[in-house]
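*Asks:* Handing over data.csv, CSV, C-alpha atoms and all ligand atoms.
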```
chain,number,residue,atom,x,y,z
A,278,MET,CA,-19.1,14.6,-6.3
A,279,GLY,CA,-19.0,11.3,-4.2
A,280,THR,CA,-16.5,8.6,-4.6
A,281,GLU,CA,-19.0,6.2,-6.1
A,282,VAL,CA,-19.9,8.6,-8.9
A,283,VAL,CA,-16.3,9.1,-10.0
A,284,THR,CA,-15.6,5.4,-9.8
A,285,ASP,CA,-18.7,4.4,-11.8
A,286,GLU,CA,-17.8,6.9,-14.6
A,287,LEU,CA,-14.2,5.6,-14.7
A,288,ALA,CA,-15.5,2.0,-14.7
A,289,ALA,CA,-17.7,2.8,-17.7
A,290,ARG,CA,-14.7,4.2,-19.6
A,291,HIS,CA,-12.7,1.2,-18.6
A,292,ARG,CA,-15.3,-1.1,-20.2
A,293,GLU,CA,-15.1,0.9,-23.4
A,294,ALA,CA,-11.3,0.5,-23.3
A,295,PHE,CA,-11.7,-3.2,-22.9
A,296,THR,CA,-14.0,-3.5,-26.0
A,297,GLN,CA,-11.5,-1.4,-28.0
A,298,ARG,CA,-8.6,-3.7,-27.0
A,299,TYR,CA,-10.3,-7.0,-27.4
A,300,GLY,CA,-13.2,-6.3,-29.7
A,301,SER,CA,-16.9,-6.8,-28.9
A,302,ALA,CA,-16.8,-10.6,-28.9
A,303,ALA,CA,-13.5,-11.8,-30.3
A,304,GLY,CA,-13.0,-15.3,-29.0
A,305,GLY,CA,-14.9,-14.4,-25.9
A,306,SER,CA,-18.0,-15.9,-24.5
A,307,GLY,CA,-20.3,-13.9,-22.3
A,308,ALA,CA,-20.4,-10.5,-20.8
A,309,VAL,CA,-17.6,-8.1,-19.8
A,310,ARG,CA,-17.5,-7.6,-16.0
A,311,CYS,CA,-15.5,-4.9,-14.2
A,312,PHE,CA,-14.0,-4.9,-10.7
A,313,TYR,CA,-12.2,-2.3,-8.6
A,314,ALA,CA,-9.9,-2.3,-5.6
A,315,PRO,CA,-8.5,0.9,-4.0
A,316,GLY,CA,-4.9,1.8,-3.0
A,317,ARG,CA,-3.9,2.9,0.4
A,318,VAL,CA,-1.9,5.4,2.5
A,319,ASN,CA,-0.3,4.5,5.7
A,320,LEU,CA,-0.6,7.1,8.4
A,321,MET,CA,1.4,5.5,11.3
A,322,GLY,CA,3.5,2.3,11.8
A,323,ALA,CA,6.1,2.8,9.1
A,324,HIS,CA,8.1,-0.4,8.3
A,325,LEU,CA,6.4,-2.2,11.3
A,326,ASP,CA,4.3,-4.8,9.5
A,327,TYR,CA,7.3,-7.1,8.7
A,328,ASN,CA,8.5,-6.6,12.3
A,329,GLY,CA,5.2,-7.7,13.9
A,330,GLY,CA,4.1,-4.2,14.9
A,331,PRO,CA,0.9,-2.2,14.5
A,332,VAL,CA,0.0,-0.1,11.5
A,333,LEU,CA,-2.7,2.5,10.7
A,334,PRO,CA,-3.5,2.6,7.0
A,335,MET,CA,-6.5,4.0,5.2
A,336,ALA,CA,-7.8,3.0,1.7
A,337,ILE,CA,-8.0,5.9,-0.7
A,338,ASP,CA,-10.5,6.5,-3.5
A,339,ARG,CA,-8.0,5.8,-6.3
A,340,GLY,CA,-7.3,2.3,-7.4
A,341,THR,CA,-7.2,-0.4,-10.1
A,342,PHE,CA,-9.9,-1.4,-12.5
A,343,VAL,CA,-10.0,-5.0,-13.9
A,344,ALA,CA,-12.4,-5.7,-16.8
A,345,LEU,CA,-12.6,-9.3,-17.9
A,346,ARG,CA,-14.5,-11.7,-20.1
A,347,ALA,CA,-14.5,-15.4,-20.3
A,348,ARG,CA,-12.9,-17.2,-23.3
A,349,THR,CA,-13.8,-20.5,-24.8
A,350,ASP,CA,-10.3,-21.9,-24.3
A,351,ARG,CA,-7.8,-22.0,-21.3
A,352,THR,CA,-5.7,-19.0,-22.4
A,353,ILE,CA,-5.4,-15.9,-20.2
A,354,ARG,CA,-4.5,-12.7,-21.9
A,355,LEU,CA,-3.5,-9.8,-19.7
A,356,ALA,CA,-3.2,-6.2,-21.0
A,357,THR,CA,-3.1,-2.8,-19.4
A,358,THR,CA,-4.2,0.7,-20.5
A,359,SER,CA,-0.8,2.2,-19.6
A,360,SER,CA,1.3,0.2,-22.1
A,361,ASP,CA,1.1,-2.0,-25.2
A,362,GLU,CA,2.9,-4.8,-23.4
A,363,THR,CA,0.6,-7.8,-23.0
A,364,CYS,CA,1.1,-11.2,-21.5
A,365,GLU,CA,-0.4,-14.5,-22.4
A,366,LEU,CA,-0.5,-17.7,-20.3
A,367,ASP,CA,-1.9,-21.1,-20.6
A,368,LEU,CA,-3.8,-22.3,-17.5
A,369,ASP,CA,-2.7,-25.9,-18.2
A,370,HIS,CA,1.0,-24.8,-18.4
A,371,PRO,CA,1.4,-21.9,-16.1
A,372,PRO,CA,4.8,-20.0,-15.7
A,373,ALA,CA,6.9,-21.3,-12.8
A,374,ALA,CA,8.8,-18.0,-12.2
A,375,SER,CA,8.3,-14.3,-12.5
A,376,SER,CA,9.6,-12.3,-15.5
A,377,ASP,CA,10.2,-8.8,-14.0
A,378,ARG,CA,7.2,-7.3,-15.8
A,379,TRP,CA,4.1,-5.5,-14.5
A,380,SER,CA,2.1,-8.7,-15.3
A,381,ASP,CA,3.9,-10.7,-12.6
A,382,TYR,CA,1.4,-9.4,-10.0
A,383,PRO,CA,-1.8,-10.7,-11.7
A,384,VAL,CA,0.1,-13.8,-13.0
A,385,GLY,CA,1.1,-14.5,-9.4
A,386,VAL,CA,-2.6,-14.3,-8.4
A,387,VAL,CA,-3.7,-16.6,-11.2
A,388,VAL,CA,-1.0,-19.2,-10.2
A,389,GLY,CA,-2.1,-19.0,-6.6
A,390,LEU,CA,-5.7,-19.9,-7.6
A,391,LEU,CA,-4.9,-22.6,-10.2
A,392,GLU,CA,-5.7,-25.5,-7.9
A,393,ARG,CA,-9.2,-24.2,-7.5
A,394,ALA,CA,-9.6,-23.3,-11.1
A,395,GLU,CA,-9.0,-26.7,-12.8
A,396,ASP,CA,-12.0,-26.6,-15.1
A,397,ARG,CA,-12.4,-22.9,-15.4
A,398,PRO,CA,-12.3,-21.0,-18.7
A,399,GLY,CA,-9.5,-18.7,-19.9
A,400,LEU,CA,-10.1,-14.9,-19.8
A,401,ASP,CA,-9.3,-11.7,-21.6
A,402,VAL,CA,-8.3,-9.2,-19.0
A,403,LEU,CA,-7.6,-5.4,-19.1
A,404,PHE,CA,-6.1,-3.5,-16.2
A,405,GLY,CA,-6.3,0.3,-15.7
A,406,GLY,CA,-7.0,2.9,-13.1
A,407,ASN,CA,-6.0,6.1,-11.5
A,408,LEU,CA,-3.4,5.0,-8.9
A,409,PRO,CA,0.1,6.1,-9.7
A,410,VAL,CA,2.5,3.2,-9.8
A,411,GLY,CA,5.6,3.2,-7.6
A,412,ALA,CA,4.4,6.1,-5.5
A,413,GLY,CA,4.0,4.3,-2.2
A,414,LEU,CA,0.2,4.1,-2.5
A,415,SER,CA,0.2,0.3,-2.9
A,416,SER,CA,-0.6,-0.1,-6.5
A,417,SER,CA,0.8,-3.7,-6.2
A,418,ALA,CA,-1.7,-4.8,-3.5
A,419,SER,CA,-4.4,-2.9,-5.3
A,420,ILE,CA,-3.8,-4.9,-8.6
A,421,CYS,CA,-3.4,-8.2,-6.7
A,422,VAL,CA,-6.6,-7.8,-4.6
A,423,ALA,CA,-8.6,-6.5,-7.6
A,424,THR,CA,-7.4,-9.5,-9.7
A,425,ALA,CA,-8.2,-12.1,-6.9
A,426,TRP,CA,-11.6,-10.4,-6.3
A,427,ALA,CA,-12.4,-10.5,-10.0
A,428,LEU,CA,-11.3,-14.2,-10.6
A,429,ASP,CA,-13.2,-15.3,-7.5
A,430,ALA,CA,-16.4,-13.8,-8.9
A,431,VAL,CA,-16.0,-14.8,-12.6
A,432,TRP,CA,-14.8,-18.3,-11.8
A,433,GLU,CA,-17.3,-18.6,-8.9
A,434,LEU,CA,-14.7,-19.9,-6.4
A,435,GLY,CA,-16.6,-18.8,-3.3
A,436,LEU,CA,-13.6,-17.3,-1.5
A,437,GLN,CA,-14.0,-15.3,1.7
A,438,PRO,CA,-12.5,-11.8,1.8
A,439,MET,CA,-9.7,-12.9,4.0
A,440,GLN,CA,-8.8,-15.7,1.6
A,441,ILE,CA,-8.7,-13.1,-1.2
A,442,VAL,CA,-6.3,-11.0,0.9
A,443,ASP,CA,-4.2,-14.1,1.5
A,444,VAL,CA,-4.0,-15.0,-2.2
A,445,ALA,CA,-2.9,-11.4,-3.0
A,446,LEU,CA,-0.2,-11.4,-0.3
A,447,ARG,CA,1.2,-14.7,-1.5
A,448,ALA,CA,1.3,-13.5,-5.1
A,449,GLU,CA,3.6,-10.7,-4.1
A,450,ARG,CA,5.8,-12.7,-1.7
A,451,GLU,CA,6.0,-16.0,-3.4
A,452,PHE,CA,5.7,-15.2,-7.1
A,453,VAL,CA,7.0,-11.6,-7.4
A,454,GLY,CA,9.5,-12.0,-4.6
A,455,VAL,CA,9.1,-8.9,-2.5
A,456,GLN,CA,9.4,-9.7,1.2
A,457,CYS,CA,6.6,-7.3,2.0
A,458,GLY,CA,4.6,-7.4,5.3
A,459,ILE,CA,0.8,-8.0,5.5
A,460,MET,CA,-0.3,-4.3,5.7
A,461,ASP,CA,-1.1,-3.5,2.1
A,462,PRO,CA,-3.5,-6.3,1.1
A,463,TYR,CA,-5.3,-6.0,4.5
A,464,ALA,CA,-5.6,-2.2,4.1
A,465,VAL,CA,-7.1,-2.6,0.6
A,466,GLY,CA,-9.2,-5.6,1.4
A,467,LEU,CA,-10.7,-4.4,4.7
A,468,ALA,CA,-11.3,-0.8,3.7
A,469,ARG,CA,-14.1,1.3,5.3
A,470,PRO,CA,-14.8,5.0,4.2
A,471,GLY,CA,-13.9,7.7,6.7
A,472,HIS,CA,-12.0,5.1,8.8
A,473,LEU,CA,-8.4,4.1,9.4
A,474,LEU,CA,-7.6,0.4,9.8
A,475,TRP,CA,-5.9,-0.5,13.0
A,476,LEU,CA,-4.0,-3.7,12.2
A,477,ASP,CA,-1.8,-5.5,14.7
A,478,CYS,CA,0.6,-7.5,12.4
A,479,ARG,CA,1.7,-9.8,15.2
A,480,ASP,CA,-1.6,-11.6,15.4
A,481,THR,CA,-3.6,-10.0,12.5
A,482,SER,CA,-6.2,-8.6,14.8
A,483,TRP,CA,-7.8,-5.5,13.4
A,484,SER,CA,-10.5,-2.9,13.9
A,485,HIS,CA,-11.7,0.3,12.2
A,486,LEU,CA,-11.0,3.7,13.8
A,487,PRO,CA,-13.1,6.7,12.7
A,488,LEU,CA,-11.3,9.9,11.5
A,489,GLU,CA,-12.5,13.1,13.3
A,490,PRO,CA,-15.1,15.0,11.2
A,491,GLY,CA,-13.6,18.1,9.7
A,492,THR,CA,-10.2,16.4,9.2
A,493,SER,CA,-8.7,15.9,5.8
A,494,VAL,CA,-6.1,13.4,4.6
A,495,ALA,CA,-3.9,14.7,1.8
A,496,VAL,CA,-1.3,13.0,-0.3
A,497,ALA,CA,1.5,15.0,-1.9
A,498,ASP,CA,3.5,13.2,-4.6
A,499,THR,CA,7.2,14.2,-5.2
A,500,GLY,CA,7.2,12.5,-8.6
A,501,VAL,CA,10.4,10.7,-7.5
A,502,ARG,CA,10.5,7.1,-8.5
A,503,ARG,CA,13.4,4.9,-7.5
A,504,GLU,CA,14.2,1.8,-9.4
A,505,LEU,CA,16.3,0.6,-6.5
A,506,ALA,CA,13.3,0.7,-4.1
A,507,ARG,CA,12.7,-3.1,-4.1
A,508,GLY,CA,16.4,-3.9,-3.3
A,509,GLU,CA,16.5,-1.2,-0.6
A,510,PHE,CA,13.2,-2.5,0.8
A,511,ASN,CA,14.5,-6.1,1.1
A,512,LEU,CA,17.7,-4.7,2.6
A,513,ARG,CA,15.7,-3.0,5.4
A,514,VAL,CA,13.9,-6.2,6.1
A,515,ALA,CA,17.2,-8.0,6.4
A,516,GLN,CA,18.7,-5.4,8.7
A,517,CYS,CA,15.7,-5.6,11.0
A,518,GLY,CA,16.0,-9.4,11.0
A,519,GLU,CA,19.7,-9.1,11.9
A,520,ALA,CA,18.9,-6.8,14.8
A,521,PHE,CA,16.3,-9.2,16.0
A,522,GLU,CA,18.6,-12.2,15.9
A,523,GLN,CA,21.1,-10.4,18.0
A,524,LEU,CA,18.7,-8.8,20.5
A,525,ARG,CA,16.5,-11.9,21.1
A,526,VAL,CA,19.4,-13.5,23.0
A,527,HIS,CA,18.6,-10.9,25.7
A,528,ALA,CA,14.9,-11.0,25.3
A,529,PRO,CA,14.1,-14.8,25.1
A,530,GLU,CA,10.3,-14.2,25.1
A,531,ALA,CA,10.4,-12.1,22.0
A,532,THR,CA,9.0,-13.7,18.8
A,533,CYS,CA,9.6,-10.6,16.6
A,534,LEU,CA,11.6,-7.3,16.7
A,535,ARG,CA,8.5,-5.5,17.9
A,536,GLU,CA,8.5,-7.6,21.1
A,537,VAL,CA,12.0,-6.7,22.1
A,538,PRO,CA,11.8,-4.1,25.0
A,539,LEU,CA,13.3,-0.7,24.3
A,540,ASP,CA,15.5,-1.0,27.4
A,541,VAL,CA,17.1,-4.2,26.0
A,542,LEU,CA,18.1,-2.2,23.0
A,543,GLU,CA,19.4,0.6,25.3
A,544,ALA,CA,21.4,-1.9,27.4
A,545,GLU,CA,22.6,-4.3,24.7
A,546,GLY,CA,22.5,-2.3,21.4
A,547,HIS,CA,26.2,-1.3,21.6
A,548,ALA,CA,27.1,-4.8,20.4
A,549,LEU,CA,25.1,-4.3,17.2
A,550,ASP,CA,26.3,-2.9,13.9
A,551,PRO,CA,25.4,0.8,14.1
A,552,VAL,CA,23.1,0.6,11.1
A,553,ALA,CA,21.2,-2.3,12.5
A,554,ARG,CA,21.0,-0.5,15.8
A,555,ALA,CA,19.5,2.6,14.2
A,556,ARG,CA,16.9,0.5,12.3
A,557,ALA,CA,15.9,-1.3,15.5
A,558,ARG,CA,15.5,2.0,17.3
A,559,HIS,CA,13.2,3.3,14.6
A,560,VAL,CA,11.1,0.2,14.9
A,561,LEU,CA,10.8,0.1,18.7
A,562,GLU,CA,10.1,3.8,19.0
A,563,GLU,CA,7.6,3.7,16.1
A,564,VAL,CA,5.7,1.0,17.9
A,565,GLN,CA,5.3,3.3,20.9
A,566,ARG,CA,4.4,6.2,18.7
A,567,THR,CA,1.8,4.2,16.8
A,568,PHE,CA,0.1,3.1,20.1
A,569,GLU,CA,0.1,6.8,21.2
A,570,ALA,CA,-1.3,7.9,17.9
A,571,ARG,CA,-4.1,5.4,18.3
A,572,ALA,CA,-4.9,6.6,21.8
A,573,ALA,CA,-4.9,10.2,20.5
A,574,LEU,CA,-7.3,9.3,17.7
A,575,LEU,CA,-9.7,7.5,20.1
A,576,ALA,CA,-9.6,10.6,22.4
A,577,GLY,CA,-10.4,12.9,19.4
A,578,ASP,CA,-7.0,14.6,19.7
A,579,VAL,CA,-5.9,15.0,16.1
A,580,ALA,CA,-3.2,17.5,17.0
A,581,SER,CA,-1.4,14.9,19.1
A,582,PHE,CA,-1.9,12.3,16.4
A,583,GLY,CA,-0.2,14.7,14.0
A,584,ARG,CA,2.8,15.2,16.2
A,585,ARG,CA,3.4,11.5,16.2
A,586,MET,CA,3.4,11.6,12.4
A,587,LEU,CA,6.0,14.4,12.3
A,588,ASP,CA,8.2,12.4,14.8
A,589,ALA,CA,7.8,9.4,12.6
A,590,HIS,CA,9.1,11.3,9.6
A,591,ASP,CA,12.2,12.4,11.5
A,592,SER,CA,12.9,8.9,12.5
A,593,LEU,CA,12.4,7.6,8.9
A,594,ARG,CA,14.8,10.2,7.7
A,595,ASP,CA,17.5,9.8,10.3
A,596,LEU,CA,17.3,6.3,11.7
A,597,PHE,CA,15.7,4.2,9.0
A,598,GLU,CA,17.2,6.3,6.1
A,599,VAL,CA,14.4,5.9,3.6
A,600,SER,CA,13.6,9.6,2.9
A,601,VAL,CA,14.8,11.8,0.1
A,602,PRO,CA,15.2,15.6,0.0
A,603,GLU,CA,11.9,16.1,-1.9
A,604,LEU,CA,10.0,14.2,0.8
A,605,ASP,CA,11.7,16.2,3.5
A,606,ARG,CA,10.9,19.5,1.8
A,607,LEU,CA,7.2,18.6,1.6
A,608,VAL,CA,7.1,17.6,5.3
A,609,ASP,CA,8.9,20.8,6.4
A,610,THR,CA,6.5,23.0,4.5
A,611,ALA,CA,3.5,21.1,6.0
A,612,ARG,CA,5.0,21.4,9.5
A,613,GLU,CA,5.0,25.2,9.1
A,614,THR,CA,1.5,25.5,7.6
A,615,PRO,CA,-1.3,26.6,10.0
A,616,GLY,CA,-4.1,24.0,10.3
A,617,VAL,CA,-1.8,21.1,9.4
A,618,HIS,CA,-1.6,18.5,12.2
A,619,GLY,CA,1.0,16.1,10.8
A,620,ALA,CA,2.9,14.9,7.8
A,621,ARG,CA,5.3,12.1,6.9
A,622,LEU,CA,6.4,10.0,4.1
A,623,THR,CA,4.2,7.1,3.3
A,624,GLY,CA,4.8,3.6,1.9
A,625,ALA,CA,8.4,2.2,1.8
A,626,GLY,CA,10.0,5.6,1.1
A,627,PHE,CA,12.9,6.3,-1.4
A,628,GLY,CA,10.6,8.8,-3.2
A,629,GLY,CA,6.9,8.6,-3.7
A,630,CYS,CA,4.5,10.6,-1.5
A,631,THR,CA,3.9,12.2,1.9
A,632,VAL,CA,0.7,11.8,3.8
A,633,ASN,CA,-0.7,14.8,5.6
A,634,VAL,CA,-3.5,15.2,8.2
A,635,LEU,CA,-5.0,18.7,8.4
A,636,GLU,CA,-8.1,20.7,9.2
A,637,SER,CA,-10.4,20.5,6.2
A,638,ALA,CA,-10.7,24.4,6.2
A,639,ALA,CA,-6.9,24.6,5.6
A,640,GLU,CA,-6.9,22.6,2.4
A,641,SER,CA,-6.4,25.3,-0.2
A,642,GLU,CA,-3.8,27.2,1.8
A,643,PHE,CA,-1.9,24.0,2.4
A,644,GLU,CA,-1.9,23.0,-1.3
A,645,GLN,CA,-0.8,26.5,-2.4
A,646,ARG,CA,2.1,26.6,0.1
A,647,LEU,CA,3.2,23.1,-0.8
A,648,VAL,CA,3.3,23.8,-4.5
A,649,ARG,CA,5.0,27.1,-4.1
A,650,ASP,CA,7.8,25.9,-1.8
A,651,PHE,CA,8.4,22.7,-3.7
A,652,GLU,CA,8.5,24.5,-7.1
A,653,ALA,CA,11.0,27.0,-5.7
A,654,ALA,CA,13.3,24.2,-4.6
A,655,PHE,CA,13.0,21.6,-7.4
A,656,GLY,CA,11.6,23.5,-10.4
A,657,ARG,CA,8.4,21.4,-10.8
A,658,ARG,CA,5.1,21.0,-9.1
A,659,PRO,CA,4.2,18.2,-6.7
A,660,ARG,CA,0.8,16.6,-7.2
A,661,VAL,CA,-1.5,17.3,-4.1
A,662,GLU,CA,-4.7,15.3,-3.7
A,663,PHE,CA,-7.3,15.0,-0.9
A,664,PHE,CA,-8.8,11.6,-0.2
A,665,GLU,CA,-12.1,10.6,1.3
A,666,GLY,CA,-11.4,7.0,2.1
A,667,ASP,CA,-12.9,4.1,0.0
A,668,PRO,CA,-15.5,1.4,0.6
A,669,GLY,CA,-13.1,-1.3,-0.6
A,670,PRO,CA,-13.0,-3.9,-3.4
A,671,ARG,CA,-16.2,-4.4,-5.4
A,672,GLU,CA,-17.8,-5.1,-8.8
A,673,THR,CA,-18.6,-1.9,-10.6
A,674,PRO,CA,-21.7,-1.4,-12.7
B,1,LIG,C1,5.8,-1.2,1.6
B,1,LIG,C2,5.4,-2.6,1.9
B,1,LIG,C3,4.6,-2.7,3.1
B,1,LIG,C4,5.2,-1.9,4.3
B,1,LIG,C5,5.6,-0.5,3.9
B,1,LIG,C6,6.4,0.2,4.9
B,1,LIG,O1,4.7,-0.4,1.2
B,1,LIG,O2,4.7,-3.2,0.8
B,1,LIG,O3,4.3,-4.0,3.5
B,1,LIG,O4,6.3,-2.6,4.8
B,1,LIG,O5,6.4,-0.6,2.7
B,1,LIG,O6,5.6,0.5,6.0
```
Write the structure described by the file as structure tokens, please.
*Replies:*
Amino acid sequence: MGTEVVTDELAARHREAFTQRYGSAAGGSGAVRCFYAPGRVNLMGAHLDYNGGPVLPMAIDRGTFVALRARTDRTIRLATTSSDETCELDLDHPPAASSDRWSDYPVGVVVGLLERAEDRPGLDVLFGGNLPVGAGLSSSASICVATAWALDAVWELGLQPMQIVDVALRAEREFVGVQCGIMDPYAVGLARPGHLLWLDCRDTSWSHLPLEPGTSVAVADTGVRRELARGEFNLRVAQCGEAFEQLRVHAPEATCLREVPLDVLEAEGHALDPVARARARHVLEEVQRTFEARAALLAGDVASFGRRMLDAHDSLRDLFEVSVPELDRLVDTARETPGVHGARLTGAGFGGCTVNVLESAAESEFEQRLVRDFEAAFGRRPRVEFFEGDPGPRETP
């Protein structure tokens, strides 16, 4: 069954859920429209985007649905299928600050578009989808891009895809307050099925790289969710910033940590706090690994690509310290499974998922082993899924 078929069925169900929530015409004017944006996994370039480095994400065929219908006033009502908590805002008196609720993400997008939406109508909006929240699969960029895509269409704002990506990014950074890099909205907004996105976060240049036929991308979810993740993430951003501030004295040309030569770190790193030094080492070696992984992919050498992923995981565990025992166990099992090229944690870490690259023929053996080993260690099953890539944000029928 293709990606489109699944997405269309889910979209139809989501429309029904909208009607159940808001009624068939209660206060609304016009038709219900439904939009979708995928999530993503990142295969290489961990914690490099906010250091100006390259990343290699892929959009996955799981994502966020947004159904919406225009109202006759200037009120926006936001609801989700996953809780009863709703949010209401007045387009003429928008909130100035976030409120620590799920709705901060779409509210941030609405606020970012207000100047262009002066005479536009209010909306009833329902969010839903099949992307786990907080699993490192970028549910936040998915919801922001889907919202911006939907508002652009319904309000007829005429935005270009890159403007939509920018609105989504600013919602997270400026309204929600996460110091995230640019990778996630780009990965979601520039998706192409069967391809990874090569994105250089220093100058935002990008291209698509095909994945070898016969290769599968799998995601294994530990089920671990850390409330602390946002604080820990911002701490890593600060530690990298600190390392850069100290090292740039010895590398005057460098405009970001990625541009500091590794031999400068070797020669001058002793003056750094040991934690900042370890973070910087991860970043600079991961930059090298990501370029090597790209070359391997272009040469059709998936095995060599996979080795870079395994090295990346070791570095994330030991130098960047964002792994947890559940992630390590999944990677160790994958490492020993025939037909698996590589595995590592994906997203920010602190729980969530691993991403795995393997021969398609090895899928079922891989899944069985992962489940067996993880269950023996932790007494519960990890969720293992295989992804095909996704065509990106769109209106669904
Ligand atoms: C989170 C952030 C991304 C990126 C990754 C780590 O997912 O949102 O911008 O920094 O962590 O690679």
*Asks:* Can you pull out every residue within 9 Å of Val384 in chain A, counting only C-alpha atoms, but drop anything in the same chain fewer than 6 positions away, and send it as a list of chain:residue names?
*Replies:*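 Here the answer would be A:Leu355, A:Cys364, A:Leu366, A:Pro371, A:Pro372, A:Ser375, A:Ala448, A:Phe452.
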*Asks:* Please report as a tab-separated table every residue of chain A lying within 7 Å of ligand LIG 1 (chain B), along with the nearest atom pair and their distance in Å (one decimal), using all atoms listed in the file.
*Replies:*
```
residue	atom	partner	partner_atom	distance
A:Gly322	CA	B:LIG1	O6	6.4
A:Ala323	CA	B:LIG1	O6	3.9
A:His324	CA	B:LIG1	O6	3.5
A:Leu325	CA	B:LIG1	O6	6.0
A:Asp326	CA	B:LIG1	O4	5.6
A:Tyr327	CA	B:LIG1	O4	6.0
A:Gly413	CA	B:LIG1	O1	5.8
A:Ser415	CA	B:LIG1	O1	6.1
A:Cys457	CA	B:LIG1	O3	4.3
A:Gly458	CA	B:LIG1	O3	3.9
A:Ile459	CA	B:LIG1	O3	5.7
A:Met460	CA	B:LIG1	O3	5.1
A:Asp461	CA	B:LIG1	O3	5.6
A:Gly624	CA	B:LIG1	O1	4.1
A:Ala625	CA	B:LIG1	O5	3.6
```
*Asks:* Measuring between all atoms listed in the file, which one of A:Val541, A:Leu287, A:Val444, A:Ala576 shows the shortest distance to Val343 in chain A?
*Replies:* A:Leu287
*Asks:* Could you name the residues that touch Arg556 in chain A at 8 Å or less, counting only C-alpha atoms, but leaving out those on the same chain fewer than 2 positions away, as an MDAnalysis selection string?
*Replies:* chainID A and resid 513 516:517 520 552:554 558:560 596:597
*Asks:* Generate the output file for the selected residues, C-alpha atoms, as an mmCIF file, keeping the file's coordinate frame.
*Replies:*
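As a result, out.cif now contains:
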```cif
data_model
loop_
_atom_site.group_PDB
_atom_site.id
_atom_site.type_symbol
_atom_site.label_atom_id
_atom_site.label_comp_id
_atom_site.auth_asym_id
_atom_site.auth_seq_id
_atom_site.Cartn_x
_atom_site.Cartn_y
_atom_site.Cartn_z
ATOM 1 C CA ARG A 513 15.700 -3.000 5.400
ATOM 2 C CA GLN A 516 18.700 -5.400 8.700
ATOM 3 C CA CYS A 517 15.700 -5.600 11.000
ATOM 4 C CA ALA A 520 18.900 -6.800 14.800
ATOM 5 C CA VAL A 552 23.100 0.600 11.100
ATOM 6 C CA ALA A 553 21.200 -2.300 12.500
ATOM 7 C CA ARG A 554 21.000 -0.500 15.800
ATOM 8 C CA ARG A 558 15.500 2.000 17.300
ATOM 9 C CA HIS A 559 13.200 3.300 14.600
ATOM 10 C CA VAL A 560 11.100 0.200 14.900
ATOM 11 C CA LEU A 596 17.300 6.300 11.700
ATOM 12 C CA PHE A 597 15.700 4.200 9.000
#
```
*Asks:* Between A:Leu428, A:Ala497, A:Leu333, A:Ala468, single out the one closest to Phe568 in chain A, counting all atoms listed in the file.
*Replies:* A:Leu333
*Asks:* Show me the residues close to (5.9, -9.9, 13.2) - anything with an atom within 7 Å, counting all atoms listed in the file - and format the list as a list of chain:residue names.
*Replies:*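 Here the neighbourhood of the point contains A:Asp326, A:Tyr327, A:Asn328, A:Gly329, A:Gly330, A:Cys478, A:Arg479, A:Cys533, A:Arg535.
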*Asks:* Using all atoms listed in the file, what does the table of range 392-461 of chain A residues within 7 Å of range 307-318 of chain A look like, with each row giving the shortest atom pair and its distance in Å to one decimal, sorted by chain and ascending number, as a tab-separated table?
*Replies:*
```
residue	atom	partner	partner_atom	distance
A:Leu408	CA	A:Gly316	CA	6.9
A:Leu414	CA	A:Arg317	CA	5.2
A:Ser415	CA	A:Gly316	CA	5.3
A:Ser416	CA	A:Gly316	CA	5.9
A:Ser419	CA	A:Gly316	CA	5.3
A:Val422	CA	A:Ala314	CA	6.5
A:Ala423	CA	A:Ala314	CA	4.8
A:Ala427	CA	A:Phe312	CA	5.9
```
*Asks:* Residues near Phe664 in chain A, anyone? I mean within 8 Å using all atoms listed in the file, not counting same-chain ones fewer than 3 positions away, as a list of chain:residue names.
*Replies:* A:Ile337, A:Asp338, A:Ser493, A:Val494, A:Ala495, A:Val496
*Asks:* Applying 10 Å and only C-alpha atoms, which residues near Val387 in chain A remain after dropping the ones on its own chain fewer than 2 positions away? List them as a VMD selection string.
*Replies:* chain A and resid 353 366 368 371 381 to 385 389 to 392 394 421 424 to 425 428 444 to 445 448
*Asks:* Would you write out those residues with C-alpha atoms, as an mmCIF file, in the coordinates of the input?
*Replies:*
```cif
data_model
loop_
_atom_site.group_PDB
_atom_site.id
_atom_site.type_symbol
_atom_site.label_atom_id
_atom_site.label_comp_id
_atom_site.auth_asym_id
_atom_site.auth_seq_id
_atom_site.Cartn_x
_atom_site.Cartn_y
_atom_site.Cartn_z
ATOM 1 C CA ILE A 353 -5.400 -15.900 -20.200
ATOM 2 C CA LEU A 366 -0.500 -17.700 -20.300
ATOM 3 C CA LEU A 368 -3.800 -22.300 -17.500
ATOM 4 C CA PRO A 371 1.400 -21.900 -16.100
ATOM 5 C CA ASP A 381 3.900 -10.700 -12.600
ATOM 6 C CA TYR A 382 1.400 -9.400 -10.000
ATOM 7 C CA PRO A 383 -1.800 -10.700 -11.700
ATOM 8 C CA VAL A 384 0.100 -13.800 -13.000
ATOM 9 C CA GLY A 385 1.100 -14.500 -9.400
ATOM 10 C CA GLY A 389 -2.100 -19.000 -6.600
ATOM 11 C CA LEU A 390 -5.700 -19.900 -7.600
ATOM 12 C CA LEU A 391 -4.900 -22.600 -10.200
ATOM 13 C CA GLU A 392 -5.700 -25.500 -7.900
ATOM 14 C CA ALA A 394 -9.600 -23.300 -11.100
ATOM 15 C CA CYS A 421 -3.400 -8.200 -6.700
ATOM 16 C CA THR A 424 -7.400 -9.500 -9.700
ATOM 17 C CA ALA A 425 -8.200 -12.100 -6.900
ATOM 18 C CA LEU A 428 -11.300 -14.200 -10.600
ATOM 19 C CA VAL A 444 -4.000 -15.000 -2.200
ATOM 20 C CA ALA A 445 -2.900 -11.400 -3.000
ATOM 21 C CA ALA A 448 1.300 -13.500 -5.100
#
```
